[in-house]
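Below: one structure, written as C-alpha cells.
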Amino acid sequence: MYVAGDYIIYAGEGVCVVEDVGSPNVSGVNKDRLYYTLSPLYRTGRVFAPVDTRVFMRPVISREEAIDLIRSIPGVSGELYENSNLRFLTEHYQQAIQSYSCAGLVKLIKDVYLKRQHVTSQGKKLGQIDERYMKRAEDMLYGELAVALDMDRSEVGPYIKNAMARIEAGEEFNG
C-alpha cells in the first residue's frame, strides 16, 4: 500500500503523488472503501483511485534504476516496424505504452527514431501516429526520469543526450 508523499505511475495519468489514503469527502464515492487521492504531476486535477483497483499502479523507479536505464540505452536496438494498416500500427504502439515500462518506452522511442531515419532517407515524412506515440512515450519516460533524478522534466532530454555522448566517448557515466 502506498502512503502520502509516494510518487507512483498510475495508468494513463503518468507520474502522480499520493496526497492521501482514506475515504475522500466527495459525492458518489463509497465511504466504506479506501481510496488513494492522487495528484498528477504534469496536469491539473485529482484522481480518486480505490486502493484495491485493478488499474495499473507502480512506484516510480529509483535514481539507481534511472541511471542503469540510461546506461542501457546504447544497447537497445531499434526495430523498423512498418505497417500501412493504421489500426495495427496503433495497436503495436499502444501495447508498448501500456506496458508502463521505462525499458519498453525507450524501445518504442528508438523504434520510431529508426523509422524516422528510414522514411527521411526516402524523402518522406514520418506519419502522425508514429509522431504521436513517440511524443507520448517521451513524455511518460521523461516525466518518470525527472522524478527519479530529481530534475525538471525539460532537463531530461538534454541530460540523456549528454549521457549518451559521454558513454559513446568511452567515459564512465554515473549520473
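For the C-alpha cells, the naming scheme is as follows: chains receive sequential letters (A, B, ...) according to their order of presentation, residues are indexed from 1 within each chain, and ligands are indexed from 1 in presentation order.
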
**Item:** Distance query segment 97-106 of chain A at most 12 Å, only C-alpha atoms, self and fewer than 2 positions along chain excluded, as a ChimeraX atom specification
**Value:** /A:8-15,55-62,65-79,90-95,108-113,132-145,148,160

Go ahead and write the residues just picked, C-alpha atoms, as a compact mmCIF listing (two decimals), in the first residue's frame.
```txt
# COMPACT_ATOMS: atom_id res chain seq x y z
CA ILE A 8 3.70 6.40 -8.40
CA ILE A 9 2.86 5.66 -12.01
CA TYR A 10 -0.91 5.49 -12.37
CA ALA A 11 -2.15 4.09 -15.71
CA GLY A 12 -2.73 6.84 -18.28
CA GLU A 13 -2.00 9.65 -15.83
CA GLY A 14 1.71 9.02 -15.61
CA VAL A 15 3.53 10.24 -12.52
CA VAL A 55 -5.89 -0.13 -12.76
CA PHE A 56 -2.12 -0.27 -13.25
CA MET A 57 -0.05 1.31 -10.47
CA ARG A 58 3.60 1.01 -9.53
CA PRO A 59 6.22 3.06 -7.71
CA VAL A 60 8.41 5.43 -9.73
CA ILE A 61 11.81 3.90 -10.43
CA SER A 62 14.71 4.79 -8.15
CA GLU A 65 17.37 2.30 -11.74
CA ALA A 66 17.12 5.50 -13.81
CA ILE A 67 20.90 5.70 -14.19
CA ASP A 68 21.08 2.00 -15.10
CA LEU A 69 18.32 2.53 -17.68
CA ILE A 70 20.20 5.45 -19.25
CA ARG A 71 23.40 3.38 -19.33
CA SER A 72 21.48 0.62 -21.15
CA ILE A 73 20.13 2.88 -23.92
CA PRO A 74 23.07 2.36 -26.35
CA GLY A 75 22.47 -1.39 -26.19
CA VAL A 76 18.78 -1.14 -27.08
CA SER A 77 18.35 -1.88 -30.76
CA GLY A 78 15.55 -0.25 -32.68
CA GLU A 79 13.32 -2.28 -34.96
CA THR A 90 -1.75 1.97 -33.33
CA GLU A 91 -2.15 -1.37 -31.54
CA HIS A 92 1.59 -2.01 -31.82
CA TYR A 93 2.45 1.32 -30.19
CA GLN A 94 -0.38 1.12 -27.65
CA GLN A 95 0.95 -2.21 -26.43
CA LEU A 108 9.44 2.45 -28.63
CA ILE A 109 11.34 5.75 -28.91
CA LYS A 110 14.29 4.04 -30.58
CA ASP A 111 11.95 2.16 -32.96
CA VAL A 112 10.25 5.38 -34.06
CA TYR A 113 13.59 7.20 -34.31
CA ARG A 132 2.09 11.00 -31.59
CA TYR A 133 3.25 7.79 -29.91
CA MET A 134 6.88 8.86 -29.85
CA LYS A 135 5.89 12.10 -28.11
CA ARG A 136 3.68 10.22 -25.67
CA ALA A 137 6.48 7.74 -24.88
CA GLU A 138 8.95 10.59 -24.36
CA ASP A 139 6.51 12.44 -22.10
CA MET A 140 5.93 9.33 -19.99
CA LEU A 141 9.61 8.38 -19.81
CA TYR A 142 10.92 11.90 -19.19
CA GLY A 143 8.27 12.50 -16.54
CA GLU A 144 9.32 9.45 -14.58
CA LEU A 145 13.05 10.05 -15.05
CA ALA A 148 13.78 9.66 -10.20
CA ILE A 160 20.18 11.82 -21.72
```

**Message:** List as a list in words the protein and nucleic acid residues near Thr53 of chain A, meaning an atom at most 12 Å away when only C-alpha atoms are counted, but skip any in the same chain fewer than 5 places from it.
**Reply:**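 Close residues of Thr53 of chain A: Met1, Tyr10, Ala11, Arg33, Leu34, Tyr35, Tyr36 and Phe48 of chain A.
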
Based on the selection just made, write N, CA and C atoms of those residues as a compact mmCIF listing (two decimals), in the first residue's frame.
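The new file part.txt reads:
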```
# COMPACT_ATOMS: atom_id res chain seq x y z
N MET A 1 0.84 -1.17 0.00
CA MET A 1 0.00 0.00 0.00
C MET A 1 0.90 1.24 0.00
N TYR A 10 0.49 5.91 -12.40
CA TYR A 10 -0.91 5.49 -12.37
C TYR A 10 -1.44 5.50 -13.80
N ALA A 11 -1.58 4.31 -14.37
CA ALA A 11 -2.15 4.09 -15.71
C ALA A 11 -1.87 5.26 -16.65
N ARG A 33 -14.93 2.35 1.50
CA ARG A 33 -13.80 1.87 0.71
C ARG A 33 -12.64 2.86 0.83
N LEU A 34 -11.41 2.34 0.87
CA LEU A 34 -10.23 3.20 0.91
C LEU A 34 -9.84 3.63 -0.50
N TYR A 35 -9.44 4.89 -0.62
CA TYR A 35 -9.03 5.45 -1.90
C TYR A 35 -7.69 6.14 -1.76
N TYR A 36 -6.94 6.14 -2.86
CA TYR A 36 -5.76 7.00 -2.96
C TYR A 36 -6.26 8.30 -3.57
N PHE A 48 -9.16 9.99 -7.80
CA PHE A 48 -9.51 9.17 -6.64
C PHE A 48 -9.53 7.73 -7.12
```

**Complete:** From atom CA of Ala49 of chain A to atom CA of Ala146 of chain A the spacing works out at 23.6 Å

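With only C-alpha atoms as the basis for measurement, A:Glu82 is the residue among A:Glu82, A:Val17, A:Pro24, A:Ala163 that approaches His118 of chain A most closely.
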
**Asked** Near Arg116 of chain A, counting only C-alpha atoms, which residues have an atom at most 10 Å away, once you skip same-chain residues fewer than 2 positions from it, shown as an MDAnalysis selection string?
**Response** chainID A and resid 80 110:114 118:122 124:127 130:131

Would you save the residues from that selection as an mmCIF file, in the first residue's frame, using N, CA and C atoms?
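Heads up, here's the output in selection06.cif:
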```
data_model
loop_
_atom_site.group_PDB
_atom_site.id
_atom_site.type_symbol
_atom_site.label_atom_id
_atom_site.label_comp_id
_atom_site.auth_asym_id
_atom_site.auth_seq_id
_atom_site.Cartn_x
_atom_site.Cartn_y
_atom_site.Cartn_z
ATOM 1 N N LEU A 80 12.560 -1.657 -37.125
ATOM 2 C CA LEU A 80 11.752 -0.924 -38.085
ATOM 3 C C LEU A 80 10.407 -1.628 -38.214
ATOM 4 N N LYS A 110 13.234 4.416 -29.636
ATOM 5 C CA LYS A 110 14.288 4.035 -30.583
ATOM 6 C C LYS A 110 13.696 3.475 -31.873
ATOM 7 N N ASP A 111 12.613 2.701 -31.765
ATOM 8 C CA ASP A 111 11.951 2.165 -32.960
ATOM 9 C C ASP A 111 11.454 3.291 -33.868
ATOM 10 N N VAL A 112 10.789 4.276 -33.274
ATOM 11 C CA VAL A 112 10.248 5.378 -34.063
ATOM 12 C C VAL A 112 11.380 6.248 -34.611
ATOM 13 N N TYR A 113 12.428 6.438 -33.835
ATOM 14 C CA TYR A 113 13.585 7.205 -34.313
ATOM 15 C C TYR A 113 14.192 6.525 -35.538
ATOM 16 N N LEU A 114 14.337 5.192 -35.478
ATOM 17 C CA LEU A 114 14.865 4.432 -36.613
ATOM 18 C C LEU A 114 13.937 4.567 -37.820
ATOM 19 N N HIS A 118 14.677 6.155 -41.552
ATOM 20 C CA HIS A 118 14.387 5.362 -42.755
ATOM 21 C C HIS A 118 13.518 6.137 -43.737
ATOM 22 N N VAL A 119 12.400 6.693 -43.253
ATOM 23 C CA VAL A 119 11.493 7.399 -44.170
ATOM 24 C C VAL A 119 12.113 8.706 -44.659
ATOM 25 N N THR A 120 12.906 9.367 -43.826
ATOM 26 C CA THR A 120 13.578 10.600 -44.240
ATOM 27 C C THR A 120 14.566 10.315 -45.362
ATOM 28 N N SER A 121 15.257 9.186 -45.271
ATOM 29 C CA SER A 121 16.215 8.817 -46.321
ATOM 30 C C SER A 121 15.515 8.542 -47.650
ATOM 31 N N GLN A 122 14.209 8.280 -47.594
ATOM 32 C CA GLN A 122 13.416 8.051 -48.809
ATOM 33 C C GLN A 122 12.688 9.319 -49.247
ATOM 34 N N LYS A 124 10.563 11.046 -47.433
ATOM 35 C CA LYS A 124 9.203 11.075 -46.890
ATOM 36 C C LYS A 124 9.226 11.633 -45.468
ATOM 37 N N LYS A 125 8.021 11.852 -44.955
ATOM 38 C CA LYS A 125 7.880 12.317 -43.575
ATOM 39 C C LYS A 125 7.303 11.192 -42.724
ATOM 40 N N LEU A 126 7.643 11.242 -41.459
ATOM 41 C CA LEU A 126 7.109 10.277 -40.502
ATOM 42 C C LEU A 126 5.617 10.513 -40.323
ATOM 43 N N GLY A 127 4.853 9.462 -40.172
ATOM 44 C CA GLY A 127 3.407 9.571 -40.032
ATOM 45 C C GLY A 127 2.985 10.169 -38.698
ATOM 46 N N ASP A 130 2.983 7.694 -35.714
ATOM 47 C CA ASP A 130 4.345 7.480 -35.212
ATOM 48 C C ASP A 130 4.790 8.660 -34.356
ATOM 49 N N GLU A 131 4.572 9.867 -34.853
ATOM 50 C CA GLU A 131 4.951 11.078 -34.117
ATOM 51 C C GLU A 131 4.219 11.159 -32.776
#
```

**Prompt:** With only C-alpha atoms as the basis for distance, which of A:Arg43, A:Gln128, A:Lys107, A:Lys115 is at the shortest distance from Leu86 of chain A?
**Reply:**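 Closest to Leu86 of chain A, using only C-alpha atoms: A:Gln128.
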
**Message:** Which of segment 66-170 of chain A end up as alpha helix (DSSP H) when DSSP is run on this backbone - answer as an MDAnalysis selection string?
**Reply:** chainID A and resid 66:72 86:97 102:121 128:148 153:168

C-alpha atoms of the current selection, written as a PDB file, in the first residue's frame:
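again_22.pdb, written as the output of this step:
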```
ATOM      1  CA  ALA A  66      17.116   5.502 -13.806  1.00  0.00           C
ATOM      2  CA  ILE A  67      20.898   5.701 -14.187  1.00  0.00           C
ATOM      3  CA  ASP A  68      21.076   1.996 -15.097  1.00  0.00           C
ATOM      4  CA  LEU A  69      18.319   2.532 -17.675  1.00  0.00           C
ATOM      5  CA  ILE A  70      20.199   5.451 -19.247  1.00  0.00           C
ATOM      6  CA  ARG A  71      23.399   3.381 -19.328  1.00  0.00           C
ATOM      7  CA  SER A  72      21.477   0.622 -21.149  1.00  0.00           C
ATOM      8  CA  LEU A  86      -3.206   2.256 -39.133  1.00  0.00           C
ATOM      9  CA  ARG A  87      -5.142   0.087 -36.686  1.00  0.00           C
ATOM     10  CA  PHE A  88      -2.283  -2.426 -36.437  1.00  0.00           C
ATOM     11  CA  LEU A  89       0.265   0.364 -36.136  1.00  0.00           C
ATOM     12  CA  THR A  90      -1.750   1.973 -33.331  1.00  0.00           C
ATOM     13  CA  GLU A  91      -2.151  -1.371 -31.535  1.00  0.00           C
ATOM     14  CA  HIS A  92       1.588  -2.011 -31.817  1.00  0.00           C
ATOM     15  CA  TYR A  93       2.448   1.317 -30.187  1.00  0.00           C
ATOM     16  CA  GLN A  94      -0.378   1.119 -27.654  1.00  0.00           C
ATOM     17  CA  GLN A  95       0.949  -2.215 -26.429  1.00  0.00           C
ATOM     18  CA  ALA A  96       4.340  -0.655 -25.693  1.00  0.00           C
ATOM     19  CA  ILE A  97       2.763   2.361 -23.979  1.00  0.00           C
ATOM     20  CA  CYS A 102      10.681   2.507 -18.894  1.00  0.00           C
ATOM     21  CA  ALA A 103      12.658  -0.018 -20.935  1.00  0.00           C
ATOM     22  CA  GLY A 104       9.609  -0.527 -23.177  1.00  0.00           C
ATOM     23  CA  LEU A 105       9.293   3.228 -23.661  1.00  0.00           C
ATOM     24  CA  VAL A 106      12.997   3.506 -24.573  1.00  0.00           C
ATOM     25  CA  LYS A 107      12.490   0.726 -27.128  1.00  0.00           C
ATOM     26  CA  LEU A 108       9.444   2.446 -28.634  1.00  0.00           C
ATOM     27  CA  ILE A 109      11.338   5.746 -28.908  1.00  0.00           C
ATOM     28  CA  LYS A 110      14.288   4.035 -30.583  1.00  0.00           C
ATOM     29  CA  ASP A 111      11.951   2.165 -32.960  1.00  0.00           C
ATOM     30  CA  VAL A 112      10.248   5.378 -34.063  1.00  0.00           C
ATOM     31  CA  TYR A 113      13.585   7.205 -34.313  1.00  0.00           C
ATOM     32  CA  LEU A 114      14.865   4.432 -36.613  1.00  0.00           C
ATOM     33  CA  LYS A 115      11.663   4.646 -38.661  1.00  0.00           C
ATOM     34  CA  ARG A 116      12.079   8.444 -38.930  1.00  0.00           C
ATOM     35  CA  GLN A 117      15.610   7.988 -40.271  1.00  0.00           C
ATOM     36  CA  HIS A 118      14.387   5.362 -42.755  1.00  0.00           C
ATOM     37  CA  VAL A 119      11.493   7.399 -44.170  1.00  0.00           C
ATOM     38  CA  THR A 120      13.578  10.600 -44.240  1.00  0.00           C
ATOM     39  CA  SER A 121      16.215   8.817 -46.321  1.00  0.00           C
ATOM     40  CA  GLN A 128       1.227  11.320 -37.462  1.00  0.00           C
ATOM     41  CA  ILE A 129       0.605   8.117 -35.490  1.00  0.00           C
ATOM     42  CA  ASP A 130       4.345   7.480 -35.212  1.00  0.00           C
ATOM     43  CA  GLU A 131       4.951  11.078 -34.117  1.00  0.00           C
ATOM     44  CA  ARG A 132       2.092  11.000 -31.594  1.00  0.00           C
ATOM     45  CA  TYR A 133       3.250   7.788 -29.913  1.00  0.00           C
ATOM     46  CA  MET A 134       6.882   8.857 -29.849  1.00  0.00           C
ATOM     47  CA  LYS A 135       5.892  12.104 -28.111  1.00  0.00           C
ATOM     48  CA  ARG A 136       3.677  10.217 -25.668  1.00  0.00           C
ATOM     49  CA  ALA A 137       6.479   7.740 -24.881  1.00  0.00           C
ATOM     50  CA  GLU A 138       8.953  10.592 -24.363  1.00  0.00           C
ATOM     51  CA  ASP A 139       6.509  12.443 -22.098  1.00  0.00           C
ATOM     52  CA  MET A 140       5.931   9.326 -19.993  1.00  0.00           C
ATOM     53  CA  LEU A 141       9.609   8.378 -19.814  1.00  0.00           C
ATOM     54  CA  TYR A 142      10.918  11.897 -19.194  1.00  0.00           C
ATOM     55  CA  GLY A 143       8.266  12.503 -16.536  1.00  0.00           C
ATOM     56  CA  GLU A 144       9.323   9.449 -14.583  1.00  0.00           C
ATOM     57  CA  LEU A 145      13.047  10.046 -15.048  1.00  0.00           C
ATOM     58  CA  ALA A 146      12.619  13.649 -13.890  1.00  0.00           C
ATOM     59  CA  VAL A 147      11.209  12.446 -10.574  1.00  0.00           C
ATOM     60  CA  ALA A 148      13.777   9.659 -10.201  1.00  0.00           C
ATOM     61  CA  ARG A 153      11.185  17.284 -16.965  1.00  0.00           C
ATOM     62  CA  SER A 154      12.562  19.754 -19.541  1.00  0.00           C
ATOM     63  CA  GLU A 155      16.114  18.861 -18.425  1.00  0.00           C
ATOM     64  CA  VAL A 156      15.772  15.109 -19.030  1.00  0.00           C
ATOM     65  CA  GLY A 157      16.236  15.106 -22.834  1.00  0.00           C
ATOM     66  CA  PRO A 158      19.478  17.129 -22.719  1.00  0.00           C
ATOM     67  CA  TYR A 159      20.644  15.057 -19.726  1.00  0.00           C
ATOM     68  CA  ILE A 160      20.184  11.824 -21.721  1.00  0.00           C
ATOM     69  CA  LYS A 161      21.918  13.295 -24.792  1.00  0.00           C
ATOM     70  CA  ASN A 162      24.859  14.355 -22.637  1.00  0.00           C
ATOM     71  CA  ALA A 163      24.998  10.906 -21.042  1.00  0.00           C
ATOM     72  CA  MET A 164      24.945   9.217 -24.475  1.00  0.00           C
ATOM     73  CA  ALA A 165      27.795  11.437 -25.679  1.00  0.00           C
ATOM     74  CA  ARG A 166      29.842  10.552 -22.604  1.00  0.00           C
ATOM     75  CA  ILE A 167      29.116   6.832 -22.966  1.00  0.00           C
ATOM     76  CA  GLU A 168      29.965   6.869 -26.688  1.00  0.00           C
TER      77      GLU A 168
END
```

**Prompt:** Using only C-alpha atoms, which residues sit within 7 Å of Val18 of chain A once same-chain residues fewer than 4 positions away are excluded, as number ranges by chain?
**Reply:** A: 3-7, 36-39

**Prompt:** When you draw a straight line from atom CA of Val29 of chain A to atom CA of Tyr42 of chain A, how long is it in Å?
**Reply:** 24.8 Å

**Request:** Determine the nearest neighbour of Asn174 of chain A from the options A:Asp32, A:Asp52, A:Asp20, A:Glu64, counting only C-alpha atoms.
**Result:**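 Closest to Asn174 of chain A, using only C-alpha atoms: A:Glu64.
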
**Prompt:** In Å to one decimal, how far is atom CA of Arg46 of chain A from atom CA of Val21 of chain A?
**Reply:**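 Computing it gives 13.0 Å between the two atoms.
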
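Note that DSSP on the backbone gives strand (DSSP E or B) to these residues of segment 27-82 of chain A: Tyr35, Tyr36, Thr37, Leu38, Ser39, Pro40, Val47, Phe48, Ala49, Pro50, Met57, Arg58 and Pro59 of chain A.
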
Output the selection as a PDB file, in the first residue's frame - C-alpha atoms for each residue.
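As written to disk, again.pdb reads:
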```pdb
ATOM      1  CA  TYR A  35      -9.026   5.454  -1.900  1.00  0.00           C
ATOM      2  CA  TYR A  36      -5.764   6.995  -2.963  1.00  0.00           C
ATOM      3  CA  THR A  37      -6.078  10.691  -3.628  1.00  0.00           C
ATOM      4  CA  LEU A  38      -3.599  11.223  -6.440  1.00  0.00           C
ATOM      5  CA  SER A  39      -2.296  14.468  -7.858  1.00  0.00           C
ATOM      6  CA  PRO A  40      -0.819  14.104 -11.371  1.00  0.00           C
ATOM      7  CA  VAL A  47      -7.697  11.301  -9.212  1.00  0.00           C
ATOM      8  CA  PHE A  48      -9.509   9.169  -6.641  1.00  0.00           C
ATOM      9  CA  ALA A  49      -8.445   5.566  -7.120  1.00  0.00           C
ATOM     10  CA  PRO A  50      -9.663   2.712  -4.949  1.00  0.00           C
ATOM     11  CA  MET A  57      -0.050   1.315 -10.467  1.00  0.00           C
ATOM     12  CA  ARG A  58       3.604   1.007  -9.534  1.00  0.00           C
ATOM     13  CA  PRO A  59       6.222   3.062  -7.710  1.00  0.00           C
TER      14      PRO A  59
END
```
